[in-house]
file final_4.csv (CSV, C-alpha atoms and all ligand atoms)
chain,number,residue,atom,x,y,z
A,1,MET,CA,128.7,4.5,14.8
A,2,ALA,CA,125.9,3.2,12.5
A,3,LYS,CA,122.5,3.9,14.1
A,4,ASP,CA,119.5,2.3,12.6
A,5,VAL,CA,115.8,1.3,13.0
A,6,ILE,CA,115.3,-2.5,13.0
A,7,VAL,CA,111.8,-3.7,12.0
A,8,ALA,CA,110.7,-6.7,14.0
A,9,LEU,CA,108.9,-9.1,11.6
A,10,ASP,CA,106.8,-11.1,14.1
A,11,PHE,CA,104.9,-12.9,11.3
A,12,LYS,CA,104.0,-16.6,11.1
A,13,SER,CA,104.9,-17.3,7.4
A,14,ALA,CA,107.1,-16.4,4.5
A,15,ARG,CA,104.0,-15.3,2.5
A,16,GLU,CA,102.9,-12.7,5.1
A,17,THR,CA,106.5,-11.5,5.4
A,18,TYR,CA,107.1,-11.0,1.7
A,19,ASP,CA,103.7,-9.2,1.3
A,20,PHE,CA,104.7,-6.9,4.1
A,21,LEU,CA,108.2,-6.2,2.6
A,22,ASP,CA,106.6,-5.5,-0.8
A,23,LEU,CA,105.0,-2.4,0.9
A,24,PHE,CA,108.4,-0.7,1.1
A,25,GLN,CA,108.9,0.7,-2.4
A,26,GLY,CA,112.7,1.2,-2.8
A,27,GLU,CA,113.3,1.2,1.0
A,28,LYS,CA,115.3,-1.7,2.5
A,29,PRO,CA,114.7,-1.6,6.3
A,30,PHE,CA,117.0,-3.6,8.6
A,31,ILE,CA,114.8,-6.6,9.6
A,32,LYS,CA,114.6,-8.7,12.8
A,33,ILE,CA,113.7,-12.3,12.3
A,34,GLY,CA,112.7,-14.1,15.5
A,35,MET,CA,112.2,-17.7,16.6
A,36,GLU,CA,108.6,-18.1,15.3
A,37,LEU,CA,109.4,-17.2,11.7
A,38,PHE,CA,112.8,-18.9,11.7
A,39,TYR,CA,111.4,-22.2,13.1
A,40,ALA,CA,108.5,-22.0,10.6
A,41,GLU,CA,110.4,-21.2,7.5
A,42,GLY,CA,114.1,-22.2,8.2
A,43,PRO,CA,117.2,-20.7,6.8
A,44,ALA,CA,115.5,-20.1,3.4
A,45,ILE,CA,113.7,-17.1,4.7
A,46,VAL,CA,117.0,-15.5,5.8
A,47,ARG,CA,118.6,-16.1,2.4
A,48,GLU,CA,115.5,-14.7,0.6
A,49,ILE,CA,115.4,-11.5,2.7
A,50,LYS,CA,119.1,-11.0,2.2
A,51,ARG,CA,118.7,-11.5,-1.5
A,52,ARG,CA,116.1,-8.7,-1.4
A,53,GLY,CA,118.8,-6.5,-0.1
A,54,HIS,CA,117.9,-6.2,3.6
A,55,LYS,CA,120.2,-6.4,6.6
A,56,ILE,CA,119.1,-9.1,9.1
A,57,PHE,CA,119.2,-9.4,12.9
A,58,LEU,CA,118.6,-13.1,13.7
A,59,ASP,CA,117.0,-13.0,17.1
A,60,LEU,CA,117.4,-16.6,18.1
A,61,LYS,CA,118.9,-16.1,21.6
A,62,LEU,CA,121.2,-19.1,21.7
A,63,HIS,CA,122.0,-20.7,25.1
A,64,ASP,CA,123.8,-24.1,25.3
A,65,ILE,CA,127.2,-25.5,26.0
A,66,PRO,CA,130.1,-23.6,24.3
A,67,ASN,CA,130.8,-26.3,21.6
A,68,THR,CA,127.2,-26.5,20.5
A,69,VAL,CA,126.8,-22.7,20.4
A,70,GLU,CA,130.1,-22.3,18.4
A,71,LYS,CA,128.8,-24.7,15.7
A,72,ALA,CA,125.3,-23.2,15.6
A,73,MET,CA,126.8,-19.7,15.2
A,74,ARG,CA,129.0,-21.0,12.4
A,75,VAL,CA,125.8,-21.9,10.5
A,76,LEU,CA,124.1,-18.6,11.2
A,77,SER,CA,127.2,-16.7,10.1
A,78,SER,CA,127.2,-18.7,6.8
A,79,LEU,CA,123.7,-17.3,6.2
A,80,ASN,CA,125.2,-13.8,6.1
A,81,ALA,CA,123.1,-12.5,9.0
A,82,ASP,CA,124.3,-9.0,10.1
A,83,MET,CA,123.5,-9.4,13.8
A,84,CYS,CA,122.9,-12.4,16.0
A,85,ASN,CA,122.3,-12.8,19.7
A,86,LEU,CA,122.6,-15.2,22.7
A,87,HIS,CA,121.9,-15.3,26.4
A,88,ALA,CA,124.7,-13.8,28.5
A,89,ALA,CA,123.7,-16.4,31.2
A,90,GLY,CA,125.5,-19.0,29.1
A,91,THR,CA,128.8,-17.6,30.6
A,92,ARG,CA,131.8,-15.9,29.1
A,93,ALA,CA,133.1,-19.3,27.8
A,94,MET,CA,129.9,-19.7,25.8
A,95,MET,CA,130.1,-16.2,24.5
A,96,SER,CA,133.7,-16.5,23.4
A,97,ALA,CA,132.9,-19.8,21.7
A,98,ALA,CA,130.1,-18.0,19.9
A,99,ILE,CA,132.4,-15.3,18.6
A,100,LYS,CA,134.8,-18.0,17.3
A,101,GLY,CA,131.9,-19.7,15.5
A,102,LEU,CA,130.6,-16.5,14.0
A,103,THR,CA,134.0,-15.4,12.6
A,104,ARG,CA,134.3,-16.2,8.9
A,105,GLU,CA,137.5,-17.2,7.2
A,106,ASP,CA,138.1,-13.6,6.0
A,107,GLY,CA,137.9,-12.4,9.6
A,108,THR,CA,134.5,-10.7,9.2
A,109,ARG,CA,131.5,-11.7,11.4
A,110,PRO,CA,128.0,-10.5,12.2
A,111,LEU,CA,127.6,-8.3,15.2
A,112,LEU,CA,126.9,-10.3,18.4
A,113,ILE,CA,124.6,-8.9,21.0
A,114,ALA,CA,123.7,-10.4,24.4
A,115,VAL,CA,120.4,-10.7,26.2
A,116,THR,CA,121.2,-9.9,29.9
A,117,GLN,CA,117.9,-10.6,31.7
A,118,LEU,CA,114.7,-11.0,29.8
A,119,THR,CA,112.4,-8.1,30.4
A,120,SER,CA,109.7,-10.7,31.3
A,121,THR,CA,111.9,-11.7,34.4
A,122,ASP,CA,111.1,-9.6,37.4
A,123,GLU,CA,113.0,-9.1,40.7
A,124,ALA,CA,110.9,-11.7,42.5
A,125,ALA,CA,111.6,-14.5,39.9
A,126,LEU,CA,115.3,-13.5,39.9
A,127,LYS,CA,115.4,-14.0,43.7
A,128,ASN,CA,113.0,-16.8,44.3
A,129,GLU,CA,113.2,-19.0,41.2
A,130,LEU,CA,116.7,-18.3,39.8
A,131,LEU,CA,118.1,-17.8,43.3
A,132,VAL,CA,120.1,-14.8,42.2
A,133,GLY,CA,121.0,-12.7,45.3
A,134,ALA,CA,122.0,-9.5,43.4
A,135,SER,CA,119.5,-6.9,42.3
A,136,MET,CA,118.2,-6.8,38.7
A,137,GLU,CA,120.3,-3.7,37.9
A,138,GLU,CA,123.5,-5.3,39.3
A,139,THR,CA,122.8,-8.5,37.4
A,140,VAL,CA,122.2,-6.6,34.1
A,141,LYS,CA,125.4,-4.5,34.6
A,142,SER,CA,127.5,-7.6,35.5
A,143,TYR,CA,126.2,-9.7,32.5
A,144,ALA,CA,126.8,-6.7,30.2
A,145,LEU,CA,130.4,-6.5,31.4
A,146,ASN,CA,130.8,-10.3,30.9
A,147,ALA,CA,129.6,-9.9,27.4
A,148,LYS,CA,132.0,-7.0,26.8
A,149,GLN,CA,134.9,-9.1,28.2
A,150,ALA,CA,134.0,-12.0,25.9
A,151,GLY,CA,134.3,-9.7,22.9
A,152,LEU,CA,130.6,-9.1,22.2
A,153,ASP,CA,129.5,-5.9,20.6
A,154,GLY,CA,126.6,-4.9,22.8
A,155,VAL,CA,123.4,-5.9,24.6
A,156,VAL,CA,119.6,-5.8,24.1
A,157,CYS,CA,118.1,-3.5,26.7
A,158,SER,CA,115.3,-1.0,27.2
A,159,PRO,CA,116.0,2.5,25.8
A,160,LEU,CA,115.7,3.6,29.5
A,161,GLU,CA,118.8,1.5,30.3
A,162,ALA,CA,120.9,2.6,27.4
A,163,GLY,CA,122.7,5.3,29.4
A,164,LYS,CA,123.5,2.9,32.2
A,165,VAL,CA,124.9,0.3,29.8
A,166,HIS,CA,127.1,3.0,28.1
A,167,GLU,CA,128.3,4.3,31.4
A,168,THR,CA,129.3,0.7,32.5
A,169,CYS,CA,130.6,-0.7,29.2
A,170,GLY,CA,131.6,2.4,27.2
A,171,LYS,CA,129.9,4.4,24.6
A,172,ASN,CA,131.0,2.1,21.7
A,173,PHE,CA,129.2,-0.9,23.3
A,174,LEU,CA,126.0,-1.2,21.4
A,175,THR,CA,122.5,-0.9,22.9
A,176,VAL,CA,119.8,-2.5,20.8
A,177,THR,CA,116.5,-1.4,22.3
A,178,PRO,CA,113.0,-2.7,21.8
A,179,GLY,CA,110.1,-1.1,23.7
A,180,VAL,CA,109.6,1.8,21.3
A,181,ARG,CA,106.3,3.5,20.7
A,182,PHE,CA,105.2,6.7,19.0
A,183,ALA,CA,103.9,9.5,21.3
A,184,GLY,CA,100.3,8.6,22.1
A,185,GLY,CA,100.6,5.2,20.6
A,186,ASP,CA,99.3,1.9,22.1
A,187,ALA,CA,101.9,0.4,24.5
A,188,GLY,CA,100.4,-3.1,24.1
A,189,ASP,CA,102.3,-5.5,26.4
A,190,GLN,CA,105.4,-3.3,26.6
A,191,LYS,CA,106.0,-1.6,29.9
A,192,ARG,CA,109.2,0.4,29.8
A,193,ILE,CA,108.8,2.4,26.6
A,194,ALA,CA,110.3,5.4,24.8
A,195,THR,CA,109.5,7.3,21.6
A,196,PRO,CA,112.1,7.0,18.8
A,197,ASP,CA,113.0,10.6,19.5
A,198,LYS,CA,113.5,9.9,23.2
A,199,ALA,CA,115.5,6.7,22.4
A,200,ARG,CA,117.9,8.8,20.4
A,201,GLU,CA,118.3,11.2,23.2
A,202,LEU,CA,118.9,8.4,25.7
A,203,GLY,CA,121.7,7.0,23.4
A,204,SER,CA,120.1,3.9,21.9
A,205,ASP,CA,122.2,2.7,18.9
A,206,TYR,CA,119.5,0.6,17.3
A,207,ILE,CA,115.8,0.7,18.0
A,208,VAL,CA,113.8,-2.5,17.4
A,209,VAL,CA,110.2,-1.6,16.3
A,210,GLY,CA,107.5,-4.2,15.7
A,211,ARG,CA,103.8,-3.4,16.0
A,212,PRO,CA,104.0,0.5,15.7
A,213,ILE,CA,105.2,-0.3,12.1
A,214,THR,CA,103.7,-3.8,11.3
A,215,ALA,CA,100.2,-3.0,12.6
A,216,ALA,CA,100.1,0.6,11.2
A,217,GLU,CA,97.7,1.5,8.4
A,218,ASP,CA,100.6,2.7,6.4
A,219,PRO,CA,103.7,0.7,7.5
A,220,ALA,CA,106.1,2.4,5.1
A,221,GLY,CA,104.9,5.8,6.4
A,222,ALA,CA,105.4,4.6,10.1
A,223,TYR,CA,108.9,3.4,9.2
A,224,GLU,CA,109.7,6.8,7.7
A,225,ARG,CA,108.5,8.5,10.8
A,226,CYS,CA,110.7,6.3,12.9
A,227,ILE,CA,113.7,7.1,10.7
A,228,LYS,CA,113.0,10.8,10.8
A,229,GLU,CA,112.6,10.8,14.6
A,230,PHE,CA,115.4,8.5,15.5
A,231,LEU,CA,118.0,9.5,12.9
A,232,ARG,CA,116.9,13.1,12.6
A,233,LYS,CA,116.8,12.7,8.9
B,1,LIG,O1,105.8,-5.0,18.6
B,1,LIG,P1,106.9,-4.5,19.5
B,1,LIG,O2,107.5,-3.2,19.0
B,1,LIG,O3,106.6,-4.6,20.9
B,1,LIG,O4,108.1,-5.6,19.2
B,1,LIG,C1,109.3,-5.6,19.9
B,1,LIG,C2,110.1,-6.8,19.4
B,1,LIG,O5,111.3,-6.9,20.2
B,1,LIG,C3,109.5,-8.1,19.5
B,1,LIG,O6,110.0,-8.9,18.4
B,1,LIG,C4,109.9,-8.7,20.8
B,1,LIG,O7,109.9,-10.1,20.9
B,1,LIG,C5,111.3,-8.1,20.9
B,1,LIG,N1,111.9,-7.9,22.2
B,1,LIG,C6,111.3,-7.2,23.2
B,1,LIG,N2,111.9,-7.1,24.5
B,1,LIG,C7,113.0,-7.7,24.8
B,1,LIG,C8,113.7,-8.5,23.8
B,1,LIG,C9,113.1,-8.6,22.5
B,1,LIG,O8,110.3,-6.6,23.0
B,1,LIG,N3,113.6,-7.6,25.9

call {"tool": "encode", "arguments": {"input": "final_4.csv", "output": "structure tokens"}}
result
Amino acid sequence: MAKDVIVALDFKSARETYDFLDLFQGEKPFIKIGMELFYAEGPAIVREIKRRGHKIFLDLKLHDIPNTVEKAMRVLSSLNADMCNLHAAGTRAMMSAAIKGLTREDGTRPLLIAVTQLTSTDEAALKNELLVGASMEETVKSYALNAKQAGLDGVVCSPLEAGKVHETCGKNFLTVTPGVRFAGGDAGDQKRIATPDKARELGSDYIVVGRPITAAEDPAGAYERCIKEFLRK
């Protein structure tokens, strides 16, 4: 199974993004584009970063009625994204429609990953606002199984949950894990963190790394360090 480091480009503009990518001489990191950059720059930024030879995870977390999600996914697939995502809360019907929309005429499609519960949702909000009676762990496991049954490839989760997800959904079900920090690094607003080395040990398939690379003095060096620790290269 392909394991990789995905660099989260949480930048506001195309200019900032390209200046950052120019720092990687010869390297072509797998890139995550989120809502801020996509809404600011539109599909053109995806096309340009693909043209430069990077793989792209489009982190747009779709959640709507199945018909709308199917059509939106068809557009994202035509941009040649390599990985897309959605909210498992949209139900299995929505997730199956998403797979249909993503699948190209030649049968290929980007990987599709589900968000189970956002890490910003805590047990209290789950119970008191969303009126979900089951625990967070039960909810995450159940949503992950729904995603698997709908034909998705994996889920976004903390590295600390990767083992549980693999236990529940099988080792080939992908775990894409943010919340990665170097030993002794600044955690920032992330709470449940692991080093790249620990994430590998815990079975993460892809680590998503933002500030430890984007805010580093030497981003290319920090990326190399992630690759070395995570892929043991
Ligand atoms: O800078 P940092 O390494 O914390 O960036 C992590 C990236 O992963 C950000 O783009 C953040 O939005 C994203 N993410 C996350 N936790 C989730 C889902 C996505 O940190 N549960």

call {"tool": "residues_around", "arguments": {"input": "final_4.csv", "residues": "Thr116 of chain A", "least_positions_apart": "2", "cutoff": "8 Å", "atoms": "only C-alpha atoms", "output": "mmCIF file with C-alpha atoms, in the coordinates of the input"}}
result
data_model
loop_
_atom_site.group_PDB
_atom_site.id
_atom_site.type_symbol
_atom_site.label_atom_id
_atom_site.label_comp_id
_atom_site.auth_asym_id
_atom_site.auth_seq_id
_atom_site.Cartn_x
_atom_site.Cartn_y
_atom_site.Cartn_z
ATOM 1 C CA HIS A 87 121.900 -15.300 26.400
ATOM 2 C CA ALA A 88 124.700 -13.800 28.500
ATOM 3 C CA ALA A 89 123.700 -16.400 31.200
ATOM 4 C CA ALA A 114 123.700 -10.400 24.400
ATOM 5 C CA LEU A 118 114.700 -11.000 29.800
ATOM 6 C CA THR A 139 122.800 -8.500 37.400
ATOM 7 C CA VAL A 140 122.200 -6.600 34.100
ATOM 8 C CA TYR A 143 126.200 -9.700 32.500
ATOM 9 C CA ALA A 144 126.800 -6.700 30.200
ATOM 10 C CA VAL A 155 123.400 -5.900 24.600
ATOM 11 C CA VAL A 156 119.600 -5.800 24.100
ATOM 12 C CA CYS A 157 118.100 -3.500 26.700
#

call {"tool": "atom_distance", "arguments": {"input": "final_4.csv", "atom1": "atom CA of Pro66 of chain A", "atom2": "atom CA of Ala93 of chain A"}}
result
6.3 Å

call {"tool": "closest_residue", "arguments": {"input": "final_4.csv", "among": "A:Gly90, A:Gly101, A:Gly154, A:Gly133", "to": "Asp205 of chain A", "atoms": "all atoms listed in the file"}}
result
A:Gly154

call {"tool": "residues_around", "arguments": {"input": "final_4.csv", "residues": "segment 215-223 of chain A", "least_positions_apart": "5", "cutoff": "10 Å", "atoms": "only C-alpha atoms", "output": "MDAnalysis selection string"}}
result
chainID A and resid 5:7 20:25 27 29 182 209:210 228:229

call {"tool": "atom_distance", "arguments": {"input": "final_4.csv", "atom1": "atom CA of Gly184 of chain A", "atom2": "atom CA of Cys226 of chain A"}}
result
14.1 Å

call {"tool": "residues_near_ligand", "arguments": {"input": "final_4.csv", "ligand": "ligand LIG 1 (chain B)", "cutoff": "6 Å", "atoms": "all atoms listed in the file", "output": "PyMOL selection string"}}
result
chain A and resi 8+10+118-119+178-180+190+208-211

call {"tool": "closest_residue", "arguments": {"input": "final_4.csv", "among": "A:Ala147, A:Leu9, A:Ala183, A:Leu152", "to": "Ile99 of chain A", "atoms": "all atoms listed in the file"}}
result
A:Leu152

call {"tool": "closest_residue", "arguments": {"input": "final_4.csv", "among": "A:Lys127, A:Lys141, A:Lys148, A:Lys3", "to": "Leu112 of chain A", "atoms": "only C-alpha atoms"}}
result
A:Lys148

call {"tool": "residues_around", "arguments": {"input": "final_4.csv", "residues": "segment 13-17 of chain A", "least_positions_apart": "4", "cutoff": "7 Å", "atoms": "all atoms listed in the file", "output": "number ranges by chain"}}
result
A: 21, 37, 40-41, 45

call {"tool": "axis_aligned_box", "arguments": {"input": "final_4.csv", "around": "segment 4-19 of chain A", "padding_each_side": "4 Å", "output": "AutoDock Vina command-line options"}}
result
--center_x 111.2 --center_y -7.5 --center_z 7.7 --size_x 24.6 --size_y 27.6 --size_z 20.8

call {"tool": "closest_residue", "arguments": {"input": "final_4.csv", "among": "A:Ser120, A:Asn80, A:Asn85, A:Gln149", "to": "Leu58 of chain A", "atoms": "all atoms listed in the file"}}
result
A:Asn85

call {"tool": "atom_distance", "arguments": {"input": "final_4.csv", "atom1": "atom CA of Lys233 of chain A", "atom2": "atom CA of Asp4 of chain A"}}
result
11.4 Å

call {"tool": "residues_near_point", "arguments": {"input": "final_4.csv", "point": "(133.7, -14.2, 13.9)", "cutoff": "12 Å", "atoms": "all atoms listed in the file", "output": "CSV table (one decimal) with C-alpha atoms, in the frame of the given file"}}
result
chain,number,residue,atom,x,y,z
A,70,GLU,CA,130.1,-22.3,18.4
A,71,LYS,CA,128.8,-24.7,15.7
A,73,MET,CA,126.8,-19.7,15.2
A,74,ARG,CA,129.0,-21.0,12.4
A,75,VAL,CA,125.8,-21.9,10.5
A,76,LEU,CA,124.1,-18.6,11.2
A,77,SER,CA,127.2,-16.7,10.1
A,78,SER,CA,127.2,-18.7,6.8
A,80,ASN,CA,125.2,-13.8,6.1
A,81,ALA,CA,123.1,-12.5,9.0
A,82,ASP,CA,124.3,-9.0,10.1
A,83,MET,CA,123.5,-9.4,13.8
A,84,CYS,CA,122.9,-12.4,16.0
A,95,MET,CA,130.1,-16.2,24.5
A,96,SER,CA,133.7,-16.5,23.4
A,97,ALA,CA,132.9,-19.8,21.7
A,98,ALA,CA,130.1,-18.0,19.9
A,99,ILE,CA,132.4,-15.3,18.6
A,100,LYS,CA,134.8,-18.0,17.3
A,101,GLY,CA,131.9,-19.7,15.5
A,102,LEU,CA,130.6,-16.5,14.0
A,103,THR,CA,134.0,-15.4,12.6
A,104,ARG,CA,134.3,-16.2,8.9
A,105,GLU,CA,137.5,-17.2,7.2
A,106,ASP,CA,138.1,-13.6,6.0
A,107,GLY,CA,137.9,-12.4,9.6
A,108,THR,CA,134.5,-10.7,9.2
A,109,ARG,CA,131.5,-11.7,11.4
A,110,PRO,CA,128.0,-10.5,12.2
A,111,LEU,CA,127.6,-8.3,15.2
A,112,LEU,CA,126.9,-10.3,18.4
A,151,GLY,CA,134.3,-9.7,22.9
A,152,LEU,CA,130.6,-9.1,22.2
A,153,ASP,CA,129.5,-5.9,20.6

call {"tool": "residues_near_point", "arguments": {"input": "final_4.csv", "point": "(115.9, 12.2, 19.1)", "cutoff": "8 Å", "atoms": "all atoms listed in the file", "output": "list in words"}}
result
Pro196, Asp197, Lys198, Ala199, Arg200, Glu201, Glu229, Phe230, Leu231 and Arg232 of chain A

call {"tool": "residues_around", "arguments": {"input": "final_4.csv", "residues": "Glu138 of chain A", "least_positions_apart": "6", "cutoff": "12 Å", "atoms": "all atoms listed in the file", "output": "MDAnalysis selection string"}}
result
chainID A and resid 116:117 123 126 132 144:145 164:165 168

call {"tool": "residues_around", "arguments": {"input": "final_4.csv", "residues": "Leu79 of chain A", "least_positions_apart": "5", "cutoff": "9 Å", "atoms": "only C-alpha atoms", "output": "short mmCIF file (atom, residue, chain, number, x, y, z; two decimals) with C-alpha atoms, keeping the file's coordinate frame"}}
result
data_model
loop_
_atom_site.label_atom_id
_atom_site.label_comp_id
_atom_site.auth_asym_id
_atom_site.auth_seq_id
_atom_site.Cartn_x
_atom_site.Cartn_y
_atom_site.Cartn_z
CA PRO A 43 117.20 -20.70 6.80
CA VAL A 46 117.00 -15.50 5.80
CA ARG A 47 118.60 -16.10 2.40
CA LYS A 50 119.10 -11.00 2.20
CA ARG A 74 129.00 -21.00 12.40
#

call {"tool": "closest_residue", "arguments": {"input": "final_4.csv", "among": "A:Asp122, A:Tyr18, A:Lys191, A:His166", "to": "Ser135 of chain A", "atoms": "all atoms listed in the file"}}
result
A:Asp122

call {"tool": "closest_residue", "arguments": {"input": "final_4.csv", "among": "A:Lys28, A:Ile213, A:Ala124, A:Leu60", "to": "Gly185 of chain A", "atoms": "only C-alpha atoms"}}
result
A:Ile213

call {"tool": "decode", "arguments": {"input": "final_4.csv", "residues": "segment 70-79 of chain A", "atoms": "all heavy atoms", "output": "tab-separated table (two decimals), in the first residue's frame"}}
result
chain	number	residue	atom	x	y	z
A	70	GLU	N	-23.10	13.82	-5.99
A	70	GLU	CA	-22.65	13.06	-7.18
A	70	GLU	C	-22.15	14.01	-8.27
A	70	GLU	O	-21.07	13.83	-8.83
A	70	GLU	CB	-23.81	12.20	-7.72
A	70	GLU	CG	-23.41	11.40	-8.93
A	70	GLU	CD	-24.55	10.52	-9.47
A	70	GLU	OE1	-25.47	10.18	-8.70
A	70	GLU	OE2	-24.50	10.19	-10.67
A	71	LYS	N	-22.93	15.06	-8.52
A	71	LYS	CA	-22.55	15.99	-9.59
A	71	LYS	C	-21.30	16.79	-9.22
A	71	LYS	O	-20.44	17.04	-10.07
A	71	LYS	CB	-23.70	16.94	-9.88
A	71	LYS	CG	-24.85	16.25	-10.61
A	71	LYS	CD	-25.92	17.26	-10.87
A	71	LYS	CE	-27.13	16.67	-11.53
A	71	LYS	NZ	-28.28	17.58	-11.42
A	72	ALA	N	-21.22	17.20	-7.96
A	72	ALA	CA	-20.03	17.97	-7.52
A	72	ALA	C	-18.79	17.10	-7.61
A	72	ALA	O	-17.72	17.56	-8.05
A	72	ALA	CB	-20.24	18.47	-6.09
A	73	MET	N	-18.91	15.84	-7.23
A	73	MET	CA	-17.76	14.93	-7.29
A	73	MET	C	-17.32	14.70	-8.74
A	73	MET	O	-16.14	14.53	-9.02
A	73	MET	CB	-18.09	13.59	-6.61
A	73	MET	CG	-18.14	13.67	-5.10
A	73	MET	SD	-16.49	14.04	-4.40
A	73	MET	CE	-16.83	13.86	-2.64
A	74	ARG	N	-18.28	14.71	-9.65
A	74	ARG	CA	-17.92	14.53	-11.07
A	74	ARG	C	-16.99	15.67	-11.51
A	74	ARG	O	-16.03	15.47	-12.23
A	74	ARG	CB	-19.20	14.47	-11.92
A	74	ARG	CG	-18.93	14.11	-13.37
A	74	ARG	CD	-20.16	13.52	-14.04
A	74	ARG	NE	-20.54	12.26	-13.46
A	74	ARG	CZ	-21.78	11.94	-13.04
A	74	ARG	NH1	-22.76	12.81	-13.15
A	74	ARG	NH2	-22.02	10.77	-12.50
A	75	VAL	N	-17.30	16.88	-11.04
A	75	VAL	CA	-16.45	18.03	-11.38
A	75	VAL	C	-15.05	17.87	-10.77
A	75	VAL	O	-14.03	18.06	-11.44
A	75	VAL	CB	-17.08	19.35	-10.88
A	75	VAL	CG1	-16.16	20.52	-11.17
A	75	VAL	CG2	-18.44	19.57	-11.51
A	76	LEU	N	-15.00	17.47	-9.48
A	76	LEU	CA	-13.69	17.34	-8.82
A	76	LEU	C	-12.86	16.25	-9.49
A	76	LEU	O	-11.65	16.38	-9.65
A	76	LEU	CB	-13.87	17.02	-7.33
A	76	LEU	CG	-14.63	18.08	-6.52
A	76	LEU	CD1	-14.61	17.72	-5.03
A	76	LEU	CD2	-14.03	19.47	-6.72
A	77	SER	N	-13.52	15.19	-9.92
A	77	SER	CA	-12.81	14.10	-10.58
A	77	SER	C	-12.22	14.58	-11.91
A	77	SER	O	-11.10	14.21	-12.28
A	77	SER	CB	-13.78	12.94	-10.81
A	77	SER	OG	-13.11	11.85	-11.34
A	78	SER	N	-12.97	15.45	-12.59
A	78	SER	CA	-12.47	15.95	-13.89
A	78	SER	C	-11.26	16.86	-13.71
A	78	SER	O	-10.52	17.13	-14.65
A	78	SER	CB	-13.59	16.69	-14.64
A	78	SER	OG	-13.78	17.97	-14.07
A	79	LEU	N	-11.04	17.35	-12.48
A	79	LEU	CA	-9.85	18.17	-12.21
A	79	LEU	C	-8.62	17.30	-11.95
A	79	LEU	O	-7.53	17.80	-11.68
A	79	LEU	CB	-10.08	19.04	-10.96
A	79	LEU	CG	-11.18	20.09	-11.04
A	79	LEU	CD1	-11.33	20.81	-9.70
A	79	LEU	CD2	-10.87	21.07	-12.15
